[in-house]
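**Q** File coords-v9.pdb follows (PDB, C-alpha atoms):
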ATOM      1  CA  MET D 243     113.957  90.122 114.420
ATOM      2  CA  PRO D 244     116.725  91.779 112.359
ATOM      3  CA  PRO D 245     116.236  95.490 111.626
ATOM      4  CA  VAL D 246     114.394  96.263 108.391
ATOM      5  CA  ALA D 247     116.690  97.407 105.593
ATOM      6  CA  PHE D 248     114.042  99.714 104.145
ATOM      7  CA  GLN D 249     112.392 102.008 106.686
ATOM      8  CA  HIS D 250     110.165 104.042 104.348
ATOM      9  CA  ILE D 251     108.423 102.106 101.591
ATOM     10  CA  GLY D 252     106.194 103.457  98.832
ATOM     11  CA  LEU D 253     103.482 101.230  97.355
ATOM     12  CA  THR D 254     101.929 101.702  93.926
ATOM     13  CA  SER D 255      99.957  99.345  91.719
ATOM     14  CA  ARG D 256      98.115  98.748  88.515
ATOM     15  CA  SER D 257      94.798 100.603  88.564
ATOM     16  CA  GLU D 258      92.345  97.724  88.398
ATOM     17  CA  PHE D 259      92.608  93.938  88.613
ATOM     18  CA  VAL D 260      90.997  91.012  90.417
ATOM     19  CA  ASP D 261      92.053  90.534  94.105
ATOM     20  CA  LYS D 262      93.785  93.920  94.167
ATOM     21  CA  GLU D 263      92.520  94.860  97.636
ATOM     22  CA  GLY D 264      93.629  91.611  99.239
ATOM     23  CA  LEU D 265      97.115  91.763  97.719
ATOM     24  CA  LEU D 266      97.613  95.371  98.771
ATOM     25  CA  GLN D 267      96.599  94.546 102.336
ATOM     26  CA  LYS D 268      98.977  91.578 102.404
ATOM     27  CA  ILE D 269     101.921  93.660 101.212
ATOM     28  CA  VAL D 270     101.247  96.426 103.731
ATOM     29  CA  ARG D 271     100.907  93.904 106.561
ATOM     30  CA  ILE D 272     104.212  92.219 105.756
ATOM     31  CA  CYS D 273     106.013  95.579 105.479
ATOM     32  CA  GLU D 274     104.611  96.820 108.790
ATOM     33  CA  GLU D 275     105.408  93.538 110.541
ATOM     34  CA  ALA D 276     108.991  94.035 109.340
ATOM     35  CA  GLY D 277     109.047  97.441 111.015
ATOM     36  CA  ALA D 278     108.683  99.625 107.926
ATOM     37  CA  GLU D 279     106.382 102.586 107.352
ATOM     38  CA  VAL D 280     104.294 102.261 104.178
ATOM     39  CA  GLN D 281     103.173 105.233 102.103
ATOM     40  CA  ILE D 282     100.596 104.386  99.424
ATOM     41  CA  ASP D 283      99.838 105.776  95.983
ATOM     42  CA  PRO D 284      96.738 107.976  96.561
ATOM     43  CA  LEU D 285      95.508 107.475  92.984
ATOM     44  CA  ARG D 286      95.778 103.688  92.774
ATOM     45  CA  CYS D 287      96.027 102.218  96.274
ATOM     46  CA  SER D 288      93.476 104.195  98.276
ATOM     47  CA  ILE D 289      91.101 101.526  99.595
ATOM     48  CA  PRO D 290      89.134 101.641 102.868
ATOM     49  CA  GLU D 291      91.308  98.930 104.432
ATOM     50  CA  LEU D 292      94.415 101.109 104.039
ATOM     51  CA  GLN D 293      92.964 104.438 105.168
ATOM     52  CA  THR D 294      95.379 104.564 108.108
ATOM     53  CA  CYS D 295      98.406 104.536 105.768
ATOM     54  CA  LYS D 296     100.101 107.729 104.733
ATOM     55  CA  THR D 297     100.033 108.703 101.059
ATOM     56  CA  PHE D 298     102.925 110.066  99.036
ATOM     57  CA  LYS D 299     102.776 113.122  96.802
ATOM     58  CA  GLU D 300     105.666 112.042  94.597
ATOM     59  CA  LEU D 301     108.155 109.193  94.388
ATOM     60  CA  SER D 302     110.945 110.703  96.482
ATOM     61  CA  ASP D 303     112.270 110.480 100.047
ATOM     62  CA  LEU D 304     111.655 106.724 100.107
ATOM     63  CA  ASP D 305     113.986 103.773 100.690
ATOM     64  CA  LEU D 306     112.084 101.375  98.424
ATOM     65  CA  ILE D 307     109.119 101.405  96.044
ATOM     66  CA  ILE D 308     107.018  98.256  95.692
ATOM     67  CA  VAL D 309     105.246  98.029  92.344
ATOM     68  CA  LEU D 310     102.270  95.666  92.057
ATOM     69  CA  GLY D 311     101.279  95.114  88.437
ATOM     70  CA  GLY D 312     102.700  94.274  85.040
ATOM     71  CA  ASP D 313     105.508  95.735  82.962
ATOM     72  CA  GLY D 314     103.341  98.708  82.017
ATOM     73  CA  THR D 315     102.940  99.620  85.688
ATOM     74  CA  THR D 316     106.695  99.366  86.184
ATOM     75  CA  LEU D 317     107.392 101.588  83.163
ATOM     76  CA  ARG D 318     104.932 104.173  84.436
ATOM     77  CA  THR D 319     106.570 104.117  87.868
ATOM     78  CA  VAL D 320     110.040 104.618  86.363
ATOM     79  CA  ARG D 321     108.726 107.638  84.488
ATOM     80  CA  GLU D 322     107.299 109.114  87.703
ATOM     81  CA  LEU D 323     110.465 108.571  89.758
ATOM     82  CA  LYS D 324     111.836 111.805  91.186
ATOM     83  CA  ASP D 325     114.934 110.083  92.552
ATOM     84  CA  PRO D 326     116.325 107.234  90.413
ATOM     85  CA  ARG D 327     118.436 106.071  93.351
ATOM     86  CA  ILE D 328     115.326 104.589  94.985
ATOM     87  CA  PRO D 329     115.197 100.848  94.180
ATOM     88  CA  LEU D 330     112.042  99.226  92.837
ATOM     89  CA  LEU D 331     110.671  95.848  93.892
ATOM     90  CA  THR D 332     108.281  94.680  91.201
ATOM     91  CA  ILE D 333     105.574  92.083  91.876
ATOM     92  CA  ASN D 334     103.886  90.702  88.781
ATOM     93  CA  ARG D 335     100.120  90.994  88.506
ATOM     94  CA  GLY D 336     100.038  91.485  84.747
ATOM     95  CA  THR D 337     100.758  89.203  81.805
ATOM     96  CA  VAL D 338     104.378  88.358  80.942
ATOM     97  CA  GLY D 339     105.910  90.573  83.612
ATOM     98  CA  PHE D 340     109.452  90.475  82.223
ATOM     99  CA  LEU D 341     110.492  93.301  84.568
ATOM    100  CA  ALA D 342     108.984  91.644  87.644
ATOM    101  CA  SER D 343     111.123  90.357  90.503
ATOM    102  CA  LEU D 344     108.380  88.319  92.195
ATOM    103  CA  ASP D 345     105.102  86.624  91.379
ATOM    104  CA  VAL D 346     102.115  87.293  93.622
ATOM    105  CA  THR D 347     102.329  83.695  94.885
ATOM    106  CA  GLU D 348     105.773  84.478  96.345
ATOM    107  CA  ILE D 349     104.813  87.493  98.444
ATOM    108  CA  GLU D 350     104.499  85.667 101.776
ATOM    109  CA  SER D 351     107.710  83.666 101.412
ATOM    110  CA  THR D 352     110.031  86.076  99.622
ATOM    111  CA  LEU D 353     109.056  89.624 100.563
ATOM    112  CA  PRO D 354     110.101  89.420 104.266
ATOM    113  CA  PRO D 355     113.741  88.380 103.618
ATOM    114  CA  LEU D 356     114.064  91.012 100.889
ATOM    115  CA  LEU D 357     112.900  93.663 103.333
ATOM    116  CA  GLU D 358     115.574  92.460 105.758
ATOM    117  CA  GLY D 359     118.262  93.208 103.189
ATOM    118  CA  LYS D 360     118.710  89.662 101.831
ATOM    119  CA  GLY D 361     118.668  90.724  98.194
ATOM    120  CA  ILE D 362     120.753  92.417  95.545
ATOM    121  CA  ILE D 363     120.369  95.679  93.642
ATOM    122  CA  GLU D 364     120.460  95.456  89.849
ATOM    123  CA  ASP D 365     121.031  98.604  87.785
ATOM    124  CA  ARG D 366     119.359  99.093  84.409
ATOM    125  CA  GLN D 367     120.247 101.654  81.737
ATOM    126  CA  LEU D 368     117.881 104.469  80.785
ATOM    127  CA  LEU D 369     117.521 106.088  77.371
ATOM    128  CA  ALA D 370     117.128 109.837  76.874
ATOM    129  CA  CYS D 371     115.802 111.645  73.816
ATOM    130  CA  ARG D 372     115.693 115.307  72.789
ATOM    131  CA  VAL D 373     113.722 116.597  69.806
ATOM    132  CA  MET D 374     115.024 119.663  67.975
ATOM    133  CA  ARG D 375     112.873 121.689  65.577
ATOM    134  CA  ASP D 376     114.282 124.682  63.704
ATOM    135  CA  GLY D 377     117.257 124.704  66.051
ATOM    136  CA  LYS D 378     115.160 124.729  69.240
ATOM    137  CA  GLU D 379     114.397 121.908  71.662
ATOM    138  CA  VAL D 380     110.658 121.198  71.596
ATOM    139  CA  LEU D 381     110.492 118.160  73.882
ATOM    140  CA  GLN D 382     112.528 115.572  75.747
ATOM    141  CA  GLY D 383     111.864 112.320  77.540
ATOM    142  CA  ILE D 384     113.311 109.139  79.004
ATOM    143  CA  ALA D 385     112.587 105.459  78.451
ATOM    144  CA  LEU D 386     113.545 102.255  80.209
ATOM    145  CA  ASN D 387     112.644 100.023  77.259
ATOM    146  CA  GLU D 388     112.591 101.920  73.993
ATOM    147  CA  ILE D 389     112.141 105.089  72.011
ATOM    148  CA  VAL D 390     110.189 104.554  68.776
ATOM    149  CA  VAL D 391     109.815 106.750  65.705
ATOM    150  CA  SER D 392     107.062 105.374  63.471
ATOM    151  CA  GLN D 393     104.501 106.198  60.807
ATOM    152  CA  GLY D 394     100.939 106.935  61.853
ATOM    153  CA  ALA D 395      97.578 105.623  60.726
ATOM    154  CA  ILE D 396      98.284 105.407  56.978
ATOM    155  CA  ALA D 397     100.483 102.453  56.028
ATOM    156  CA  ARG D 398     103.227 104.350  54.192
ATOM    157  CA  LEU D 399     106.991 104.111  54.609
ATOM    158  CA  ILE D 400     108.820 107.009  56.211
ATOM    159  CA  GLU D 401     112.438 107.994  55.593
ATOM    160  CA  LEU D 402     114.751 108.394  58.565
ATOM    161  CA  SER D 403     118.334 109.564  58.174
ATOM    162  CA  VAL D 404     120.468 108.117  60.982
ATOM    163  CA  ASN D 405     123.930 109.238  62.135
ATOM    164  CA  VAL D 406     125.943 107.671  64.961
ATOM    165  CA  ASN D 407     128.296 110.106  66.692
ATOM    166  CA  ASN D 408     127.967 112.452  63.711
ATOM    167  CA  GLU D 409     128.981 109.723  61.249
ATOM    168  CA  PRO D 410     126.358 108.806  58.626
ATOM    169  CA  LEU D 411     124.930 105.321  59.101
ATOM    170  CA  THR D 412     122.039 104.956  56.637
ATOM    171  CA  VAL D 413     118.633 106.192  55.575
ATOM    172  CA  PHE D 414     115.931 103.814  56.742
ATOM    173  CA  ARG D 415     112.888 103.548  54.485
ATOM    174  CA  ALA D 416     110.655 101.667  56.891
ATOM    175  CA  ASP D 417     107.582 101.769  59.071
ATOM    176  CA  GLY D 418     109.837 103.202  61.753
ATOM    177  CA  LEU D 419     112.878 102.730  63.953
ATOM    178  CA  ILE D 420     113.200 101.366  67.499
ATOM    179  CA  VAL D 421     116.007 102.670  69.708
ATOM    180  CA  ALA D 422     116.086 100.182  72.595
ATOM    181  CA  SER D 423     118.066  99.636  75.767
ATOM    182  CA  PRO D 424     119.256  96.142  76.746
ATOM    183  CA  THR D 425     116.213  95.970  79.041
ATOM    184  CA  GLY D 426     113.971  96.848  76.098
ATOM    185  CA  SER D 427     115.597  94.234  73.871
ATOM    186  CA  THR D 428     112.995  91.716  75.113
ATOM    187  CA  ALA D 429     110.069  94.067  74.413
ATOM    188  CA  TYR D 430     108.980  95.722  71.131
ATOM    189  CA  SER D 431     112.443  95.355  69.590
ATOM    190  CA  LEU D 432     112.267  91.579  70.002
ATOM    191  CA  SER D 433     108.865  91.495  68.272
ATOM    192  CA  ALA D 434     110.402  93.443  65.364
ATOM    193  CA  GLY D 435     113.235  90.933  64.976
ATOM    194  CA  GLY D 436     115.840  92.558  67.193
ATOM    195  CA  PRO D 437     118.409  90.657  69.290
ATOM    196  CA  ILE D 438     118.093  89.747  72.958
ATOM    197  CA  VAL D 439     120.774  91.638  74.889
ATOM    198  CA  HIS D 440     121.929  90.832  78.425
ATOM    199  CA  PRO D 441     121.173  93.859  80.658
ATOM    200  CA  GLU D 442     124.788  94.020  81.856
ATOM    201  CA  ILE D 443     125.997  94.804  78.327
ATOM    202  CA  PRO D 444     126.278  98.606  77.865
ATOM    203  CA  ALA D 445     124.680  98.971  74.454
ATOM    204  CA  ILE D 446     121.974 100.585  72.349
ATOM    205  CA  VAL D 447     119.895  98.492  69.955
ATOM    206  CA  LEU D 448     118.729  99.968  66.639
ATOM    207  CA  THR D 449     115.902  97.902  65.143
ATOM    208  CA  PRO D 450     114.188  99.061  61.937
ATOM    209  CA  ILE D 451     110.488  98.239  61.667
ATOM    210  CA  ASN D 452     109.736  96.493  58.368
ATOM    211  CA  PRO D 453     112.611  98.074  56.421
ATOM    212  CA  HIS D 454     112.277  98.217  52.630
ATOM    213  CA  ALA D 455     115.941  97.243  52.161
ATOM    214  CA  PHE D 456     116.586  93.629  53.145
ATOM    215  CA  ALA D 457     120.198  94.425  54.104
ATOM    216  CA  GLN D 458     119.099  96.867  56.828
ATOM    217  CA  ARG D 459     119.166  94.651  59.897
ATOM    218  CA  PRO D 460     119.111  95.324  63.664
ATOM    219  CA  LEU D 461     122.350  96.847  64.912
ATOM    220  CA  LEU D 462     124.008  96.847  68.339
ATOM    221  CA  ILE D 463     126.166  99.893  69.109
ATOM    222  CA  PRO D 464     128.133 100.969  72.225
ATOM    223  CA  ALA D 465     126.172 102.795  74.908
ATOM    224  CA  THR D 466     128.646 105.675  74.708
ATOM    225  CA  LYS D 467     127.379 106.623  71.233
ATOM    226  CA  THR D 468     124.726 109.208  70.348
ATOM    227  CA  VAL D 469     122.105 108.332  67.732
ATOM    228  CA  ASP D 470     120.853 111.231  65.602
ATOM    229  CA  ILE D 471     117.625 110.698  63.643
ATOM    230  CA  THR D 472     116.259 113.165  61.100
ATOM    231  CA  ILE D 473     112.790 112.760  59.613
ATOM    232  CA  LEU D 474     113.243 113.436  55.918
ATOM    233  CA  PRO D 475     110.598 115.228  53.854
ATOM    234  CA  ARG D 476     109.126 113.398  50.864
ATOM    235  CA  GLU D 477     107.711 114.879  47.670
ATOM    236  CA  SER D 478     104.536 112.853  47.713
ATOM    237  CA  LYS D 479     100.806 113.273  48.084
ATOM    238  CA  PHE D 480     101.317 111.308  51.335
ATOM    239  CA  GLU D 481     103.635 113.971  52.761
ATOM    240  CA  HIS D 482     101.004 114.625  55.423
ATOM    241  CA  VAL D 483     101.382 111.074  56.850
ATOM    242  CA  GLN D 484     101.831 111.491  60.583
ATOM    243  CA  VAL D 485     105.096 110.528  62.235
ATOM    244  CA  SER D 486     105.014 109.659  65.930
ATOM    245  CA  LEU D 487     107.496 109.502  68.778
ATOM    246  CA  THR D 488     106.687 107.050  71.577
ATOM    247  CA  PHE D 489     108.414 106.511  74.909
ATOM    248  CA  ASP D 490     108.008 102.985  76.351
ATOM    249  CA  GLY D 491     104.738 102.529  74.484
ATOM    250  CA  GLN D 492     102.995 104.932  76.873
ATOM    251  CA  ILE D 493     103.831 108.544  76.011
ATOM    252  CA  HIS D 494     103.084 109.735  72.476
ATOM    253  CA  HIS D 495     104.137 112.887  70.612
ATOM    254  CA  ALA D 496     103.486 113.978  67.041
ATOM    255  CA  LEU D 497     106.599 114.819  65.025
ATOM    256  CA  GLU D 498     107.105 116.959  61.938
ATOM    257  CA  ARG D 499     109.178 116.504  58.802
ATOM    258  CA  GLY D 500     112.644 117.879  59.405
ATOM    259  CA  ASP D 501     112.573 117.195  63.159
ATOM    260  CA  HIS D 502     115.915 116.083  64.532
ATOM    261  CA  LEU D 503     116.127 113.565  67.403
ATOM    262  CA  LYS D 504     119.171 113.004  69.586
ATOM    263  CA  CYS D 505     119.051 109.684  71.492
ATOM    264  CA  ALA D 506     121.652 108.543  74.013
ATOM    265  CA  MET D 507     122.021 106.732  77.306
ATOM    266  CA  HIS D 508     120.865 108.775  80.292
ATOM    267  CA  PRO D 509     123.510 109.253  83.013
ATOM    268  CA  ALA D 510     121.095 107.956  85.671
ATOM    269  CA  ARG D 511     120.163 104.307  86.086
ATOM    270  CA  VAL D 512     117.063 102.571  87.416
ATOM    271  CA  ARG D 513     117.655 100.237  90.356
ATOM    272  CA  PHE D 514     115.726  96.992  90.937
ATOM    273  CA  LEU D 515     115.701  94.910  94.123
ATOM    274  CA  LYS D 516     116.121  91.223  93.264
ATOM    275  CA  ARG D 517     116.732  87.915  94.985
ATOM    276  CA  GLU D 518     120.341  86.757  94.970
ATOM    277  CA  THR D 519     119.265  83.690  93.006
ATOM    278  CA  ASP D 520     117.573  85.674  90.226
ATOM    279  CA  SER D 521     119.274  85.778  86.834
ATOM    280  CA  PHE D 522     118.544  87.061  83.343
ATOM    281  CA  PHE D 523     118.782  83.520  81.990
ATOM    282  CA  SER D 524     116.177  82.214  84.435
ATOM    283  CA  SER D 525     113.888  85.037  83.245
ATOM    284  CA  LEU D 526     114.362  83.915  79.648
ATOM    285  CA  ARG D 527     113.473  80.358  80.583
ATOM    286  CA  GLU D 528     110.412  81.409  82.551
ATOM    287  CA  LYS D 529     109.051  84.406  80.628
ATOM    288  CA  LEU D 530     109.842  83.264  77.088
ATOM    289  CA  GLY D 531     109.224  79.584  77.680
ATOM    290  CA  TRP D 532     112.782  78.544  76.885
ATOM    291  CA  GLY D 533     112.620  75.927  79.611
ATOM    292  CA  GLU D 534     109.731  74.065  77.976
TER     293      GLU D 534
END
Now, as a test, write the supplied structure out as structure tokens.
**A**
Amino acid sequence: MPPVAFQHIGLTSRSEFVDKEGLLQKIVRICEEAGAEVQIDPLRCSIPELQTCKTFKELSDLDLIIVLGGDGTTLRTVRELKDPRIPLLTINRGTVGFLASLDVTEIESTLPPLLEGKGIIEDRQLLACRVMRDGKEVLQGIALNEIVVSQGAIARLIELSVNVNNEPLTVFRADGLIVASPTGSTAYSLSAGGPIVHPEIPAIVLTPINPHAFAQRPLLIPATKTVDITILPRESKFEHVQVSLTFDGQIHHALERGDHLKCAMHPARVRFLKRETDSFFSSLREKLGWGE
């Protein structure tokens, strides 16, 4: 048997789903048969059958992280990564699973060769965002898919002044603005009418959400640019309408009028373990039904 390429493997999963216990046991068995040590997520993978496995305190000091779940589970795992150099192997047990490398039906046949090193590593860009208020940074965050500024519960347009590398672009009067990575171009941005972007293209996608001006369309800009967004005040009885900042549809923050956001590509990248035969185009055919 060839030596395992990944000696220390972390295992995390979606919290609850049918056949979870059996799938977790299968993954651990295959990893151990390949000669790897498995450390499990104590919050989501602690089942009686795996009580002999070590648990990890944080996602660091590992050679590989196996993620069992849907895209939401993958996005959560990316956010919890302490070392972005650790590759992720994603196994779909959700719905679309656009970020998934494998389906659960492929675990027995495909996981062993991947653990032996018969795969490729694919890098994906990360977005970073800082929020400034009265000249001080009040929060920051990262996103694999998208950063979204949007109006809250009341259906009223908000006004967002946008500069790119300190050059004025426009003022969006819209329900909000999506700042997406190429990876996120097939997520919320796509639903809002944005373009599909190949993940190897270094770019940032700006997609307005229901803009009032018909001419304001989605825009692709170089990944080297910085996008500055200012939430403009409005003299209206609806001035109190809440404005929200969301990272990957999972982390939410309330914003204030006058807040200034600086969005750019993060210097780090997320790494995914894939089969050599995997391609972005095959994902489009499978996940979006283009092959039908």
**Q** Select from segment 298-401 of chain D every residue with an atom at most 10 Å from any atom of segment 429-433 of chain D, then for each give the shortest pair of atoms and their distance in Å to one decimal, using all atoms listed in the file, rows by chain and rising number, as CSV.
**A**
residue,atom,partner,partner_atom,distance
D:Asp313,CA,D:Ala429,CA,9.8
D:Phe340,CA,D:Ala429,CA,8.6
D:Asn387,CA,D:Ala429,CA,7.1
D:Glu388,CA,D:Tyr430,CA,7.7
D:Ile389,CA,D:Tyr430,CA,9.9
D:Val390,CA,D:Tyr430,CA,9.2
**Q** What does the PyMOL selection byres ((chain D and resi 338) around 9) select in this file, as a list in words?
**A**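 Output from the PyMOL selection byres ((chain D and resi 338) around 9), applied to this file: Gly312, Asp313, Asn334, Gly336, Thr337, Gly339, Phe340, Leu341, Ala342, Lys529 and Leu530 of chain D.
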**Q** For segment 513-523 of chain D, please output as a ChimeraX atom specification all residues within 7 Å (counting all atoms listed in the file; exclusion window: fewer than 5 positions along the same chain).
**A** /D:327-331,343,361-366
**Q** Which residues would end up in the selection if the PyMOL selection byres ((chain D and resi 248) around 10) were applied here, given that I need the answer as an MDAnalysis selection string?
**A** chainID D and resid 245:247 249:251 273 276:279 304:307 356:359
**Q** Mind checking which residues fall within 6 Å of segment 444-449 of chain D, counting all atoms listed in the file, ignoring those fewer than 6 positions away in the same chain, and posting them as a PyMOL selection string?
**A** chain D and resi 419-423+436+460-465
**Q** Residues within 10 Å of Pro509 of chain D, please, as a list in words. Count all atoms listed in the file; anything in the same chain fewer than 6 positions from it doesn't count.
**A**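 Returned residues: Gln367, Leu368, Leu369 and Ala370 of chain D.
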**Q** Taking 6 positions as the minimum chain separation for residues in the same chain, which residues sit within 12 Å of Ser257 of chain D when counting all atoms listed in the file? Answer as a PDB file with C-alpha atoms, in the coordinates of the input.
**A**
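What ended up in around.pdb:
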ATOM      1  CA  GLU D 263      92.520  94.860  97.636  1.00  0.00           C
ATOM      2  CA  LEU D 266      97.613  95.371  98.771  1.00  0.00           C
ATOM      3  CA  ASP D 283      99.838 105.776  95.983  1.00  0.00           C
ATOM      4  CA  PRO D 284      96.738 107.976  96.561  1.00  0.00           C
ATOM      5  CA  LEU D 285      95.508 107.475  92.984  1.00  0.00           C
ATOM      6  CA  ARG D 286      95.778 103.688  92.774  1.00  0.00           C
ATOM      7  CA  CYS D 287      96.027 102.218  96.274  1.00  0.00           C
ATOM      8  CA  SER D 288      93.476 104.195  98.276  1.00  0.00           C
ATOM      9  CA  ILE D 289      91.101 101.526  99.595  1.00  0.00           C
ATOM     10  CA  VAL D 309     105.246  98.029  92.344  1.00  0.00           C
ATOM     11  CA  LEU D 310     102.270  95.666  92.057  1.00  0.00           C
ATOM     12  CA  GLY D 311     101.279  95.114  88.437  1.00  0.00           C
ATOM     13  CA  GLY D 312     102.700  94.274  85.040  1.00  0.00           C
ATOM     14  CA  GLY D 314     103.341  98.708  82.017  1.00  0.00           C
ATOM     15  CA  THR D 315     102.940  99.620  85.688  1.00  0.00           C
ATOM     16  CA  ARG D 318     104.932 104.173  84.436  1.00  0.00           C
ATOM     17  CA  ARG D 335     100.120  90.994  88.506  1.00  0.00           C
ATOM     18  CA  GLY D 336     100.038  91.485  84.747  1.00  0.00           C
TER      19      GLY D 336
END
**Q** Taking the file as shown, what set of residues would the PyMOL selection byres ((chain D and resi 324) around 8) give back, as a PyMOL selection string?
**A** chain D and resi 300-302+322-323+325-326
**Q** Once 8 Å is added on each side, what are the centre and the three edge lengths, in Å to one decimal, of the axis-aligned box enclosing the listed atoms of segment 298-308 of chain D? Present them as AutoDock Vina command-line options.
**A**
--center_x 108.4 --center_y 105.7 --center_z 97.5 --size_x 27.2 --size_y 30.9 --size_z 22.3
**Q** Looking at all atoms listed in the file, which of D:Glu291, D:Glu528, D:Asp417, D:Asp345 is the one that sits closest to Gly264 of chain D?
**A**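 Using all atoms listed in the file, the shortest distance to Gly264 of chain D belongs to D:Glu291.
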**Q** Mind checking which residues fall within 9 Å of Ile272 of chain D, counting all atoms listed in the file, ignoring those fewer than 3 positions away in the same chain, and posting them as a PyMOL selection string?
**A** chain D and resi 267-269+275-278+349-350+353-354
**Q** Calculate how many Å separate atom CA of Pro475 of chain D from atom CA of Gly500 of chain D, rounding to one decimal.
**A**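 Those two atoms sit 6.5 Å apart.
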**Q** Work out how far atom CA of Asp501 of chain D is from atom CA of Gly377 of chain D, in Å to one decimal.
**A** 9.3 Å
**Q** Between atom CA of Ile400 of chain D and atom CA of Ala496 of chain D, what distance in Å does the model show, to one decimal?
**A** 13.9 Å
**Q** For segment 516-533 of chain D, where the input has fewer atoms than it should, I would like N, CA and C atoms rebuilt and written as a PDB file, in the frame of the given file.
**A**
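In the end it all went to out-v2.pdb:
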ATOM      1  N   LYS D 516     116.311  92.596  93.733  1.00  0.00           N
ATOM      2  CA  LYS D 516     116.121  91.223  93.264  1.00  0.00           C
ATOM      3  C   LYS D 516     116.585  90.245  94.334  1.00  0.00           C
ATOM      4  N   ARG D 517     116.156  88.989  94.180  1.00  0.00           N
ATOM      5  CA  ARG D 517     116.732  87.915  94.985  1.00  0.00           C
ATOM      6  C   ARG D 517     118.135  87.604  94.494  1.00  0.00           C
ATOM      7  N   GLU D 518     118.980  87.103  95.370  1.00  0.00           N
ATOM      8  CA  GLU D 518     120.341  86.757  94.970  1.00  0.00           C
ATOM      9  C   GLU D 518     120.353  85.640  93.934  1.00  0.00           C
ATOM     10  N   THR D 519     119.318  84.830  93.934  1.00  0.00           N
ATOM     11  CA  THR D 519     119.265  83.690  93.006  1.00  0.00           C
ATOM     12  C   THR D 519     118.695  84.052  91.643  1.00  0.00           C
ATOM     13  N   ASP D 520     118.159  85.274  91.503  1.00  0.00           N
ATOM     14  CA  ASP D 520     117.573  85.674  90.226  1.00  0.00           C
ATOM     15  C   ASP D 520     118.656  85.868  89.176  1.00  0.00           C
ATOM     16  N   SER D 521     118.341  85.544  87.929  1.00  0.00           N
ATOM     17  CA  SER D 521     119.274  85.778  86.834  1.00  0.00           C
ATOM     18  C   SER D 521     118.499  86.090  85.569  1.00  0.00           C
ATOM     19  N   PHE D 522     119.161  86.741  84.625  1.00  0.00           N
ATOM     20  CA  PHE D 522     118.544  87.061  83.343  1.00  0.00           C
ATOM     21  C   PHE D 522     118.181  85.785  82.585  1.00  0.00           C
ATOM     22  N   PHE D 523     119.025  84.763  82.715  1.00  0.00           N
ATOM     23  CA  PHE D 523     118.782  83.520  81.990  1.00  0.00           C
ATOM     24  C   PHE D 523     117.566  82.777  82.548  1.00  0.00           C
ATOM     25  N   SER D 524     117.369  82.844  83.869  1.00  0.00           N
ATOM     26  CA  SER D 524     116.177  82.214  84.435  1.00  0.00           C
ATOM     27  C   SER D 524     114.921  82.946  83.966  1.00  0.00           C
ATOM     28  N   SER D 525     115.027  84.277  83.773  1.00  0.00           N
ATOM     29  CA  SER D 525     113.888  85.037  83.245  1.00  0.00           C
ATOM     30  C   SER D 525     113.565  84.613  81.824  1.00  0.00           C
ATOM     31  N   LEU D 526     114.602  84.375  81.007  1.00  0.00           N
ATOM     32  CA  LEU D 526     114.362  83.915  79.648  1.00  0.00           C
ATOM     33  C   LEU D 526     113.658  82.559  79.641  1.00  0.00           C
ATOM     34  N   ARG D 527     114.106  81.685  80.531  1.00  0.00           N
ATOM     35  CA  ARG D 527     113.473  80.358  80.583  1.00  0.00           C
ATOM     36  C   ARG D 527     112.021  80.458  81.019  1.00  0.00           C
ATOM     37  N   GLU D 528     111.764  81.326  81.996  1.00  0.00           N
ATOM     38  CA  GLU D 528     110.412  81.409  82.551  1.00  0.00           C
ATOM     39  C   GLU D 528     109.493  82.246  81.688  1.00  0.00           C
ATOM     40  N   LYS D 529     109.936  83.455  81.326  1.00  0.00           N
ATOM     41  CA  LYS D 529     109.051  84.406  80.628  1.00  0.00           C
ATOM     42  C   LYS D 529     108.872  84.073  79.155  1.00  0.00           C
ATOM     43  N   LEU D 530     109.929  83.565  78.510  1.00  0.00           N
ATOM     44  CA  LEU D 530     109.842  83.264  77.088  1.00  0.00           C
ATOM     45  C   LEU D 530     109.618  81.795  76.805  1.00  0.00           C
ATOM     46  N   GLY D 531     109.499  81.005  77.868  1.00  0.00           N
ATOM     47  CA  GLY D 531     109.224  79.584  77.680  1.00  0.00           C
ATOM     48  C   GLY D 531     110.391  78.783  77.164  1.00  0.00           C
ATOM     49  N   TRP D 532     111.606  79.281  77.379  1.00  0.00           N
ATOM     50  CA  TRP D 532     112.782  78.544  76.885  1.00  0.00           C
ATOM     51  C   TRP D 532     113.019  77.249  77.658  1.00  0.00           C
ATOM     52  N   GLY D 533     112.416  77.141  78.824  1.00  0.00           N
ATOM     53  CA  GLY D 533     112.620  75.927  79.611  1.00  0.00           C
ATOM     54  C   GLY D 533     111.648  74.819  79.253  1.00  0.00           C
TER      55      GLY D 533
END
